[in-house]
>>> print(open('start-v3.txt').read())   # compact mmCIF, C-alpha atoms
# COMPACT_ATOMS: atom_id res chain seq x y z
CA MET A 1 20.21 11.25 -28.58
CA SER A 2 22.19 8.60 -30.45
CA GLN A 3 24.67 11.26 -31.53
CA VAL A 4 26.12 11.58 -28.04
CA PRO A 5 28.27 8.62 -26.93
CA LEU A 6 27.86 7.22 -23.45
CA SER A 7 31.34 8.31 -22.44
CA HIS A 8 30.40 11.99 -22.68
CA ILE A 9 27.59 11.51 -20.17
CA LEU A 10 30.03 9.65 -17.94
CA PHE A 11 32.50 12.54 -18.23
CA VAL A 12 29.79 14.96 -17.12
CA SER A 13 28.85 12.83 -14.12
CA THR A 14 32.51 12.36 -13.18
CA ALA A 15 33.05 16.11 -13.31
CA LEU A 16 29.97 16.68 -11.15
CA PHE A 17 31.21 14.08 -8.66
CA PHE A 18 34.59 15.78 -8.32
CA ILE A 19 32.99 19.21 -8.01
CA GLY A 20 31.09 17.80 -5.06
CA MET A 21 34.31 16.33 -3.67
CA TYR A 22 35.97 19.74 -3.96
CA GLY A 23 33.14 21.31 -2.02
CA LEU A 24 33.37 18.62 0.64
CA PHE A 25 37.13 19.25 1.01
CA THR A 26 37.11 23.03 1.14
CA ARG A 27 33.89 23.92 2.92
CA ARG A 28 33.80 23.96 6.69
CA ASN A 29 30.10 24.75 7.12
CA LEU A 30 27.83 21.78 7.71
CA ILE A 31 25.03 22.97 5.42
CA THR A 32 27.35 23.59 2.48
CA MET A 33 28.95 20.19 3.06
CA LEU A 34 25.46 18.68 2.87
CA MET A 35 24.95 20.46 -0.46
CA SER A 36 28.17 18.91 -1.79
CA VAL A 37 26.91 15.47 -0.75
CA GLU A 38 23.73 16.11 -2.70
CA LEU A 39 25.79 16.93 -5.81
CA ILE A 40 27.74 13.68 -5.41
CA LEU A 41 24.53 11.63 -5.08
CA ASN A 42 23.16 13.30 -8.20
CA SER A 43 26.23 12.42 -10.24
CA VAL A 44 25.81 8.77 -9.24
CA ASN A 45 22.16 8.93 -10.30
CA ILE A 46 23.13 10.26 -13.73
CA ASN A 47 25.48 7.30 -14.12
CA PHE A 48 22.78 4.76 -13.25
CA VAL A 49 20.23 6.24 -15.62
CA ALA A 50 22.73 6.62 -18.48
CA PHE A 51 23.97 3.03 -18.15
CA ASN A 52 20.41 1.80 -18.09
CA LYS A 53 19.54 3.80 -21.20
CA TYR A 54 22.58 2.91 -23.26
CA LEU A 55 23.73 -0.56 -22.22
CA TYR A 56 20.55 -2.32 -21.10
CA PRO A 57 17.72 -0.60 -22.94
CA ASP A 58 15.27 -3.44 -22.29
CA LYS A 59 15.53 -3.36 -18.50
CA LEU A 60 14.64 -0.84 -15.79
CA GLU A 61 17.18 -1.69 -13.08
CA GLY A 62 19.05 1.62 -13.25
CA VAL A 63 15.83 3.58 -12.87
CA PHE A 64 14.96 1.66 -9.71
CA PHE A 65 18.40 2.21 -8.24
CA SER A 66 18.07 5.93 -8.94
CA LEU A 67 14.64 6.01 -7.31
CA PHE A 68 15.93 4.29 -4.18
CA ILE A 69 18.96 6.59 -4.05
CA VAL A 70 16.66 9.61 -4.27
CA ALA A 71 14.53 8.26 -1.41
CA ILE A 72 17.56 7.56 0.76
CA ALA A 73 19.00 11.00 -0.06
CA ALA A 74 15.78 12.63 1.08
CA ALA A 75 15.84 10.71 4.37
CA GLU A 76 19.54 11.50 4.82
CA ALA A 77 19.03 15.22 4.22
CA ALA A 78 16.15 15.36 6.72
CA VAL A 79 18.16 13.59 9.45
CA ALA A 80 21.25 15.68 8.70
CA ILE A 81 19.31 18.93 8.98
CA ALA A 82 17.76 17.80 12.27
CA ILE A 83 21.24 17.10 13.60
CA ILE A 84 22.53 20.46 12.30
CA ILE A 85 19.71 22.37 14.01
CA ASN A 86 20.30 20.52 17.26
CA LEU A 87 24.02 21.25 16.98
CA TYR A 88 23.30 24.93 16.39
CA ARG A 89 21.17 24.97 19.53
CA ASN A 90 24.02 23.60 21.61
CA PHE A 91 27.07 25.31 20.07
CA HIS A 92 25.57 28.41 18.36
CA SER A 93 27.60 27.59 15.28
CA ILE A 94 27.46 24.98 12.55
CA ASP A 95 31.12 25.10 11.67
CA VAL A 96 32.75 21.69 11.89
CA GLU A 97 35.78 23.20 13.63
CA ASP A 98 33.59 24.35 16.52
CA ALA A 99 31.88 21.01 17.09
CA GLU A 100 34.76 19.05 18.52
CA ASP A 101 33.36 17.81 21.81
CA MET A 102 33.43 14.21 20.66
CA LYS A 103 36.86 14.53 19.08
CA PHE A 104 39.25 11.92 20.39
CA MET B 1 26.15 17.86 -34.77
CA SER B 2 22.45 17.46 -34.32
CA VAL B 3 20.13 19.59 -32.25
CA SER B 4 19.84 16.93 -29.56
CA ALA B 5 23.62 16.77 -29.11
CA VAL B 6 23.75 20.57 -28.84
CA ILE B 7 21.03 20.45 -26.18
CA PHE B 8 23.01 17.82 -24.28
CA TYR B 9 26.18 19.92 -24.25
CA ILE B 10 24.29 23.06 -23.20
CA VAL B 11 22.54 21.22 -20.36
CA SER B 12 25.73 19.59 -19.12
CA PHE B 13 27.63 22.88 -19.23
CA PHE B 14 24.78 24.43 -17.22
CA ILE B 15 24.93 21.63 -14.63
CA LEU B 16 28.69 21.85 -14.21
CA ALA B 17 28.86 25.66 -14.13
CA THR B 18 26.10 26.04 -11.55
CA GLY B 19 27.50 23.13 -9.52
CA LEU B 20 30.89 24.82 -9.46
CA LEU B 21 29.30 28.10 -8.37
CA ALA B 22 27.37 26.22 -5.67
CA VAL B 23 30.55 24.91 -4.08
CA THR B 24 32.60 28.08 -4.48
CA SER B 25 30.13 30.88 -3.73
CA ARG B 26 30.94 32.76 -0.55
CA LYS B 27 27.36 33.63 0.32
CA ILE B 28 25.56 30.58 1.64
CA PHE B 29 22.13 31.56 0.37
CA ARG B 30 23.40 32.10 -3.16
CA SER B 31 25.15 28.78 -2.91
CA ALA B 32 21.81 27.10 -2.14
CA ILE B 33 20.19 28.82 -5.13
CA TRP B 34 23.01 27.68 -7.44
CA LEU B 35 22.50 24.17 -6.09
CA LEU B 36 18.83 24.45 -7.02
CA PHE B 37 19.77 25.39 -10.59
CA SER B 38 22.20 22.51 -10.81
CA LEU B 39 19.61 19.98 -9.64
CA THR B 40 17.10 21.37 -12.13
CA GLY B 41 19.73 20.91 -14.83
CA VAL B 42 20.11 17.28 -13.80
CA ALA B 43 16.33 16.91 -14.17
CA GLY B 44 16.69 18.40 -17.66
CA LEU B 45 19.33 15.79 -18.43
CA TYR B 46 16.85 13.07 -17.43
CA PHE B 47 14.26 14.62 -19.72
CA TRP B 48 16.85 14.58 -22.48
CA LEU B 49 17.42 10.86 -21.81
CA GLN B 50 13.62 10.39 -22.13
CA MET B 51 13.26 9.25 -18.53
CA GLU B 52 10.28 11.43 -17.71
CA PHE B 53 9.29 9.76 -14.46
CA ILE B 54 12.70 10.02 -12.84
CA ALA B 55 12.99 13.63 -14.01
CA ALA B 56 9.69 14.38 -12.29
CA VAL B 57 10.90 12.61 -9.14
CA GLN B 58 14.10 14.64 -9.28
CA ILE B 59 12.19 17.91 -9.46
CA VAL B 60 9.65 16.97 -6.79
CA VAL B 61 12.05 15.48 -4.24
CA TYR B 62 15.22 17.52 -4.75
CA VAL B 63 14.04 20.90 -5.92
CA GLY B 64 10.76 20.84 -4.03
CA GLY B 65 11.93 19.03 -0.92
CA ILE B 66 15.62 18.98 -0.15
CA VAL B 67 16.55 22.46 -1.39
CA VAL B 68 13.62 24.02 0.44
CA LEU B 69 14.70 22.15 3.59
CA ILE B 70 18.26 23.43 3.15
CA ILE B 71 17.05 27.00 2.68
CA PHE B 72 14.92 26.75 5.82
CA SER B 73 17.85 25.47 7.82
CA ILE B 74 20.01 28.30 6.47
CA PHE B 75 17.45 30.79 7.72
CA LEU B 76 17.36 29.05 11.10
CA THR B 77 21.10 28.89 11.64
CA GLN B 78 22.88 31.63 9.67
CA GLN B 79 22.89 35.34 9.15
CA SER B 80 22.45 34.90 5.43
CA GLY B 81 23.84 38.32 4.55
CA LYS B 82 27.26 37.54 5.92
CA ASP B 83 30.02 36.00 3.83
CA LEU B 84 31.36 32.61 4.73
CA PRO B 85 34.97 32.67 5.89
CA ALA B 86 37.41 31.98 3.08
CA PRO B 87 38.95 28.50 3.19
CA VAL B 88 42.58 28.16 4.13
CA ARG B 89 44.79 28.64 1.10
CA SER B 90 46.82 25.46 1.48
CA ARG B 91 43.63 23.43 1.87
CA THR B 92 42.21 24.92 -1.34
CA VAL B 93 45.39 24.17 -3.26
CA PHE B 94 45.57 20.58 -2.09
CA SER B 95 41.86 20.04 -2.71
CA VAL B 96 42.19 21.31 -6.27
CA LEU B 97 45.21 19.09 -6.83
CA SER B 98 43.61 15.95 -5.46
CA VAL B 99 40.31 16.58 -7.24
CA CYS B 100 42.08 17.16 -10.56
CA ALA B 101 44.16 14.01 -10.05
CA GLY B 102 41.05 11.98 -9.33
CA PHE B 103 39.21 13.43 -12.32
CA ILE B 104 42.09 12.72 -14.70
CA LEU B 105 42.48 9.19 -13.36
CA THR B 106 38.77 8.45 -13.79
CA CYS B 107 38.77 9.92 -17.29
CA LEU B 108 41.74 7.74 -18.27
CA ILE B 109 39.92 4.66 -16.99
CA LEU B 110 36.80 5.71 -18.90
CA ARG B 111 38.78 6.15 -22.11
CA GLN B 112 40.30 2.72 -21.64
CA PHE B 113 36.87 1.12 -21.72
CA ALA B 114 35.84 3.17 -24.77
CA PHE B 115 32.10 3.05 -24.24
CA GLY B 116 31.77 5.57 -27.06
CA ARG B 117 32.83 3.16 -29.77
CA SER B 118 31.59 -0.16 -28.46
CA VAL B 119 28.09 0.97 -27.63
CA LEU B 120 25.76 1.08 -30.58
CA PRO B 121 23.36 3.97 -30.90
CA ILE B 122 19.87 3.28 -29.68
CA GLU B 123 18.36 3.14 -33.16
CA GLN B 124 20.66 0.33 -34.30
CA ARG B 125 20.09 -1.60 -31.08
CA ARG B 126 16.41 -1.27 -31.65
CA LEU B 127 16.74 -3.02 -34.99
CA MET B 128 18.86 -5.76 -33.45
CA THR B 129 16.55 -6.58 -30.57
CA ASP B 130 13.41 -6.37 -32.63
CA ASP B 131 12.55 -10.03 -32.20
CA GLY B 132 9.62 -9.55 -29.87
CA VAL B 133 11.47 -10.89 -26.82
CA ALA B 134 13.18 -7.72 -25.68
CA GLY B 135 11.12 -4.62 -26.09
CA PRO B 136 12.57 -1.85 -28.23
CA GLY B 137 14.20 0.72 -26.03
CA VAL B 138 13.35 1.41 -22.43
CA ASP B 139 9.69 1.34 -21.59
CA ALA B 140 10.08 3.82 -18.74
CA SER B 141 6.43 4.68 -18.52
CA VAL B 142 4.95 5.25 -15.10
CA GLY B 143 2.71 2.19 -15.38
CA ASN B 144 5.59 -0.11 -16.22
CA ILE B 145 7.76 1.28 -13.42
CA GLY B 146 4.91 0.96 -10.92
CA SER B 147 3.99 -2.60 -11.81
CA GLN B 148 7.62 -3.73 -11.67
CA LEU B 149 8.18 -1.86 -8.41
CA LEU B 150 5.36 -3.74 -6.68
CA SER B 151 5.64 -7.13 -8.33
CA THR B 152 6.75 -10.14 -6.31
CA SER B 153 8.09 -12.06 -9.31
CA GLU B 154 11.73 -12.51 -10.28
CA HIS B 155 12.50 -8.94 -11.32
CA GLY B 156 10.14 -7.34 -8.84
CA TYR B 157 11.27 -4.73 -6.37
CA VAL B 158 8.66 -5.09 -3.64
CA LEU B 159 11.13 -6.01 -0.88
CA PRO B 160 13.41 -2.95 -1.38
CA PHE B 161 10.26 -0.86 -1.67
CA GLU B 162 9.08 -2.00 1.77
CA VAL B 163 12.55 -1.59 3.25
CA ILE B 164 12.63 1.98 1.93
CA SER B 165 9.26 2.71 3.49
CA ILE B 166 10.49 1.43 6.87
CA LEU B 167 13.62 3.55 6.42
CA LEU B 168 11.57 6.67 5.70
CA LEU B 169 9.42 6.03 8.78
CA ALA B 170 12.52 5.52 10.93
CA ALA B 171 14.10 8.69 9.52
CA MET B 172 10.95 10.67 10.25
CA VAL B 173 10.76 9.46 13.85
CA GLY B 174 14.49 10.01 14.25
CA CYS B 175 14.27 13.60 12.97
CA ILE B 176 11.53 14.42 15.46
CA VAL B 177 13.46 12.87 18.34
CA ILE B 178 16.69 14.67 17.43
CA ALA B 179 15.25 18.09 16.72
CA ILE B 180 12.64 18.23 19.50
CA LYS B 181 13.20 20.94 22.07
CA THR B 182 13.45 19.63 25.64
CA LYS B 183 11.52 21.65 28.16
CA PRO B 184 13.66 23.70 30.54
CA GLU B 185 12.21 22.11 33.71
CA GLU B 186 13.26 18.65 32.54
CA LYS B 187 16.90 19.64 32.35
>>> encode(input="start-v3.txt", output="structure tokens")
Amino acid sequence: MSQVPLSHILFVSTALFFIGMYGLFTRRNLITMLMSVELILNSVNINFVAFNKYLYPDKLEGVFFSLFIVAIAAAEAAVAIAIIINLYRNFHSIDVEDAEDMKF
Amino acid sequence: MSVSAVIFYIVSFFILATGLLAVTSRKIFRSAIWLLFSLTGVAGLYFWLQMEFIAAVQIVVYVGGIVVLIIFSIFLTQQSGKDLPAPVRSRTVFSVLSVCAGFILTCLILRQFAFGRSVLPIEQRRLMTDDGVAGPGVDASVGNIGSQLLSTSEHGYVLPFEVISILLLAAMVGCIVIAIKTKPEEK
């Protein structure tokens, strides 16, 4: 493990973050946009754990942040899917272009 | 290059490749399956970092919970055999440009800080901090995480823990309220 510098792990998490950003920009389906958000949250988690492991090896703060992020991500996914299903019931589509009733 | 470094590069290539397939695949069900592989790869990365507990949490919550939820909602809302419509060409081009610009900018900033050279490998750190005050390496065992999570002392996390439990309860009630079907006679 000591052979790999910290910056390589940070490069991986940065690449994962921007892959998620690309998905968020190009997709127009609510479920696939939710998947991109999950990828972004995962890249942040990798960062927290890697910083904890490499820079502060005697503490556990990064692990706790990752655990709380995972819990919040689970709650967020459940609420988002409830909203998506309700939206599908009303509009018969989960495309963001079709759900523009509240658009100003 | 040691075996562990090779494993790291294989795992990270796996994560990035399946993540890219997850955001570019035109069939939504395949996209969800690629997302599942990517999240499993992230769990493998945690195992590689010797954070077993958080890897287990990653597998249980993401792979066992969120991806299954996403697949259920795909079955409820989509005809999963149909292709998704292709994104508009100009939007794809501009997204690729902006994402590449952001990636290059972040990589330049990362190189400026040069974590790779300033950070000592774990083995050397272990020798340095071997004075009995700071434990060698991370003690990320389940017992240690649990006792720190519920301790009320200076580095305890009991308040965020309780806040998270309230948040989960609120999210659960909110999901039921949002997704409940109103009876036709009430309309």
>>> atom_distance(input="start-v3.txt", atom1="atom CA of B:Ser73", atom2="atom CA of A:Asn45")
24.9 Å
>>> interface_residues(input="start-v3.txt", of="chain A", to="chain B", cutoff="6 Å", atoms="all atoms listed in the file", output="list in words")
Met1, Ser2, Val4, Pro5, Leu6, Ser7, Phe18, Gly23, Thr26, Pro57, Asp58, Ala75, Val79, Ala82 and Asn86 of chain A
>>> residues_around(input="start-v3.txt", residues="A:Ala50", least_positions_apart="3", cutoff="8 Å", atoms="only C-alpha atoms", output="number ranges by chain")
A: 6, 9-10, 46-47, 53-54; B: 49
>>> atom_distance(input="start-v3.txt", atom1="atom CA of A:His92", atom2="atom CA of B:Phe75")
13.6 Å
>>> residues_around(input="start-v3.txt", residues="A:Asp101", least_positions_apart="2", cutoff="12 Å", atoms="all atoms listed in the file", output="NGL selection string")
:A and (87 or 90-91 or 96-99 or 103-104)
>>> write_last_selection(input="start-v3.txt", atoms="C-alpha atoms", output="compact mmCIF listing (two decimals), in the coordinates of the input")
# COMPACT_ATOMS: atom_id res chain seq x y z
CA LEU A 87 24.02 21.25 16.98
CA ASN A 90 24.02 23.60 21.61
CA PHE A 91 27.07 25.31 20.07
CA VAL A 96 32.75 21.69 11.89
CA GLU A 97 35.78 23.20 13.63
CA ASP A 98 33.59 24.35 16.52
CA ALA A 99 31.88 21.01 17.09
CA LYS A 103 36.86 14.53 19.08
CA PHE A 104 39.25 11.92 20.39
>>> residues_around(input="start-v3.txt", residues="A:Ser43", least_positions_apart="6", cutoff="7 Å", atoms="all atoms listed in the file", output="PyMOL selection string")
chain A and resi 13-14+16-17
>>> atom_distance(input="start-v3.txt", atom1="atom CA of A:Leu34", atom2="atom CA of A:Ile81")
8.7 Å
>>> residues_around(input="start-v3.txt", residues="A:Ser66", least_positions_apart="4", cutoff="7 Å", atoms="only C-alpha atoms", output="list in words")
Asn45, Phe48, Gly62 and Val70 of chain A
>>> closest_residue(input="start-v3.txt", among="A:Glu100, A:Glu38, A:Asp95, A:Glu61", to="A:Ala77", atoms="all atoms listed in the file")
A:Glu38
>>> decode(input="start-v3.txt", residues="stretch 33-68 of chain A", atoms="N, CA and C atoms", output="mmCIF file, in the first residue's frame")
data_model
loop_
_atom_site.group_PDB
_atom_site.id
_atom_site.type_symbol
_atom_site.label_atom_id
_atom_site.label_comp_id
_atom_site.auth_asym_id
_atom_site.auth_seq_id
_atom_site.Cartn_x
_atom_site.Cartn_y
_atom_site.Cartn_z
ATOM 1 N N MET A 33 -29.900 10.476 -13.590
ATOM 2 C CA MET A 33 -29.269 11.597 -12.898
ATOM 3 C C MET A 33 -28.998 11.239 -11.439
ATOM 4 N N LEU A 34 -29.913 10.485 -10.834
ATOM 5 C CA LEU A 34 -29.696 10.027 -9.454
ATOM 6 C C LEU A 34 -28.472 9.121 -9.374
ATOM 7 N N MET A 35 -28.294 8.262 -10.390
ATOM 8 C CA MET A 35 -27.106 7.401 -10.403
ATOM 9 C C MET A 35 -25.830 8.227 -10.470
ATOM 10 N N SER A 36 -25.842 9.305 -11.273
ATOM 11 C CA SER A 36 -24.654 10.151 -11.360
ATOM 12 C C SER A 36 -24.352 10.796 -10.016
ATOM 13 N N VAL A 37 -25.409 11.199 -9.284
ATOM 14 C CA VAL A 37 -25.198 11.786 -7.961
ATOM 15 C C VAL A 37 -24.567 10.768 -7.020
ATOM 16 N N GLU A 38 -24.980 9.507 -7.156
ATOM 17 C CA GLU A 38 -24.370 8.477 -6.306
ATOM 18 C C GLU A 38 -22.880 8.337 -6.606
ATOM 19 N N LEU A 39 -22.509 8.401 -7.905
ATOM 20 C CA LEU A 39 -21.083 8.324 -8.247
ATOM 21 C C LEU A 39 -20.311 9.480 -7.625
ATOM 22 N N ILE A 40 -20.903 10.685 -7.662
ATOM 23 C CA ILE A 40 -20.215 11.849 -7.103
ATOM 24 C C ILE A 40 -20.013 11.670 -5.598
ATOM 25 N N LEU A 41 -21.047 11.201 -4.902
ATOM 26 C CA LEU A 41 -20.929 10.998 -3.454
ATOM 27 C C LEU A 41 -19.854 9.958 -3.142
ATOM 28 N N ASN A 42 -19.762 8.921 -3.989
ATOM 29 C CA ASN A 42 -18.747 7.909 -3.755
ATOM 30 C C ASN A 42 -17.348 8.450 -3.924
ATOM 31 N N SER A 43 -17.154 9.342 -4.909
ATOM 32 C CA SER A 43 -15.814 9.891 -5.097
ATOM 33 C C SER A 43 -15.412 10.715 -3.878
ATOM 34 N N VAL A 44 -16.360 11.448 -3.300
ATOM 35 C CA VAL A 44 -16.052 12.226 -2.095
ATOM 36 C C VAL A 44 -15.682 11.290 -0.946
ATOM 37 N N ASN A 45 -16.386 10.170 -0.845
ATOM 38 C CA ASN A 45 -16.082 9.206 0.209
ATOM 39 C C ASN A 45 -14.673 8.651 0.076
ATOM 40 N N ILE A 46 -14.264 8.352 -1.167
ATOM 41 C CA ILE A 46 -12.903 7.850 -1.385
ATOM 42 C C ILE A 46 -11.894 8.873 -0.885
ATOM 43 N N ASN A 47 -12.148 10.156 -1.171
ATOM 44 C CA ASN A 47 -11.247 11.207 -0.712
ATOM 45 C C ASN A 47 -11.122 11.218 0.798
ATOM 46 N N PHE A 48 -12.257 11.161 1.498
ATOM 47 C CA PHE A 48 -12.223 11.212 2.959
ATOM 48 C C PHE A 48 -11.417 10.054 3.521
ATOM 49 N N VAL A 49 -11.693 8.847 3.022
ATOM 50 C CA VAL A 49 -11.017 7.672 3.573
ATOM 51 C C VAL A 49 -9.525 7.717 3.260
ATOM 52 N N ALA A 50 -9.163 8.157 2.042
ATOM 53 C CA ALA A 50 -7.750 8.183 1.674
ATOM 54 C C ALA A 50 -6.994 9.225 2.501
ATOM 55 N N PHE A 51 -7.592 10.395 2.702
ATOM 56 C CA PHE A 51 -6.925 11.405 3.530
ATOM 57 C C PHE A 51 -6.747 10.906 4.950
ATOM 58 N N ASN A 52 -7.781 10.234 5.459
ATOM 59 C CA ASN A 52 -7.671 9.699 6.812
ATOM 60 C C ASN A 52 -6.535 8.688 6.895
ATOM 61 N N LYS A 53 -6.431 7.837 5.875
ATOM 62 C CA LYS A 53 -5.442 6.761 5.931
ATOM 63 C C LYS A 53 -4.025 7.303 5.784
ATOM 64 N N TYR A 54 -3.846 8.295 4.917
ATOM 65 C CA TYR A 54 -2.489 8.729 4.609
ATOM 66 C C TYR A 54 -2.011 9.869 5.498
ATOM 67 N N LEU A 55 -2.861 10.855 5.753
ATOM 68 C CA LEU A 55 -2.381 12.058 6.431
ATOM 69 C C LEU A 55 -2.575 11.996 7.935
ATOM 70 N N TYR A 56 -3.658 11.380 8.403
ATOM 71 C CA TYR A 56 -3.900 11.321 9.849
ATOM 72 C C TYR A 56 -4.126 9.874 10.264
ATOM 73 N N PRO A 57 -3.088 9.059 10.231
ATOM 74 C CA PRO A 57 -3.317 7.626 10.455
ATOM 75 C C PRO A 57 -3.667 7.280 11.896
ATOM 76 N N ASP A 58 -3.616 8.248 12.815
ATOM 77 C CA ASP A 58 -3.955 7.914 14.201
ATOM 78 C C ASP A 58 -5.348 8.384 14.581
ATOM 79 N N LYS A 59 -6.099 8.904 13.609
ATOM 80 C CA LYS A 59 -7.453 9.363 13.915
ATOM 81 C C LYS A 59 -8.460 8.592 13.063
ATOM 82 N N LEU A 60 -9.747 8.826 13.319
ATOM 83 C CA LEU A 60 -10.798 8.123 12.576
ATOM 84 C C LEU A 60 -11.819 9.082 11.979
ATOM 85 N N GLU A 61 -11.474 10.384 11.913
ATOM 86 C CA GLU A 61 -12.459 11.378 11.502
ATOM 87 C C GLU A 61 -12.988 11.137 10.085
ATOM 88 N N GLY A 62 -12.100 10.778 9.158
ATOM 89 C CA GLY A 62 -12.531 10.558 7.787
ATOM 90 C C GLY A 62 -13.505 9.409 7.664
ATOM 91 N N VAL A 63 -13.278 8.370 8.466
ATOM 92 C CA VAL A 63 -14.192 7.223 8.441
ATOM 93 C C VAL A 63 -15.580 7.648 8.892
ATOM 94 N N PHE A 64 -15.643 8.490 9.941
ATOM 95 C CA PHE A 64 -16.960 8.913 10.421
ATOM 96 C C PHE A 64 -17.669 9.779 9.403
ATOM 97 N N PHE A 65 -16.886 10.672 8.739
ATOM 98 C CA PHE A 65 -17.527 11.485 7.706
ATOM 99 C C PHE A 65 -18.082 10.598 6.599
ATOM 100 N N SER A 66 -17.300 9.577 6.201
ATOM 101 C CA SER A 66 -17.793 8.688 5.151
ATOM 102 C C SER A 66 -19.055 7.960 5.587
ATOM 103 N N LEU A 67 -19.072 7.521 6.863
ATOM 104 C CA LEU A 67 -20.267 6.810 7.337
ATOM 105 C C LEU A 67 -21.485 7.720 7.296
ATOM 106 N N PHE A 68 -21.321 8.979 7.727
ATOM 107 C CA PHE A 68 -22.468 9.887 7.731
ATOM 108 C C PHE A 68 -22.901 10.212 6.307
#
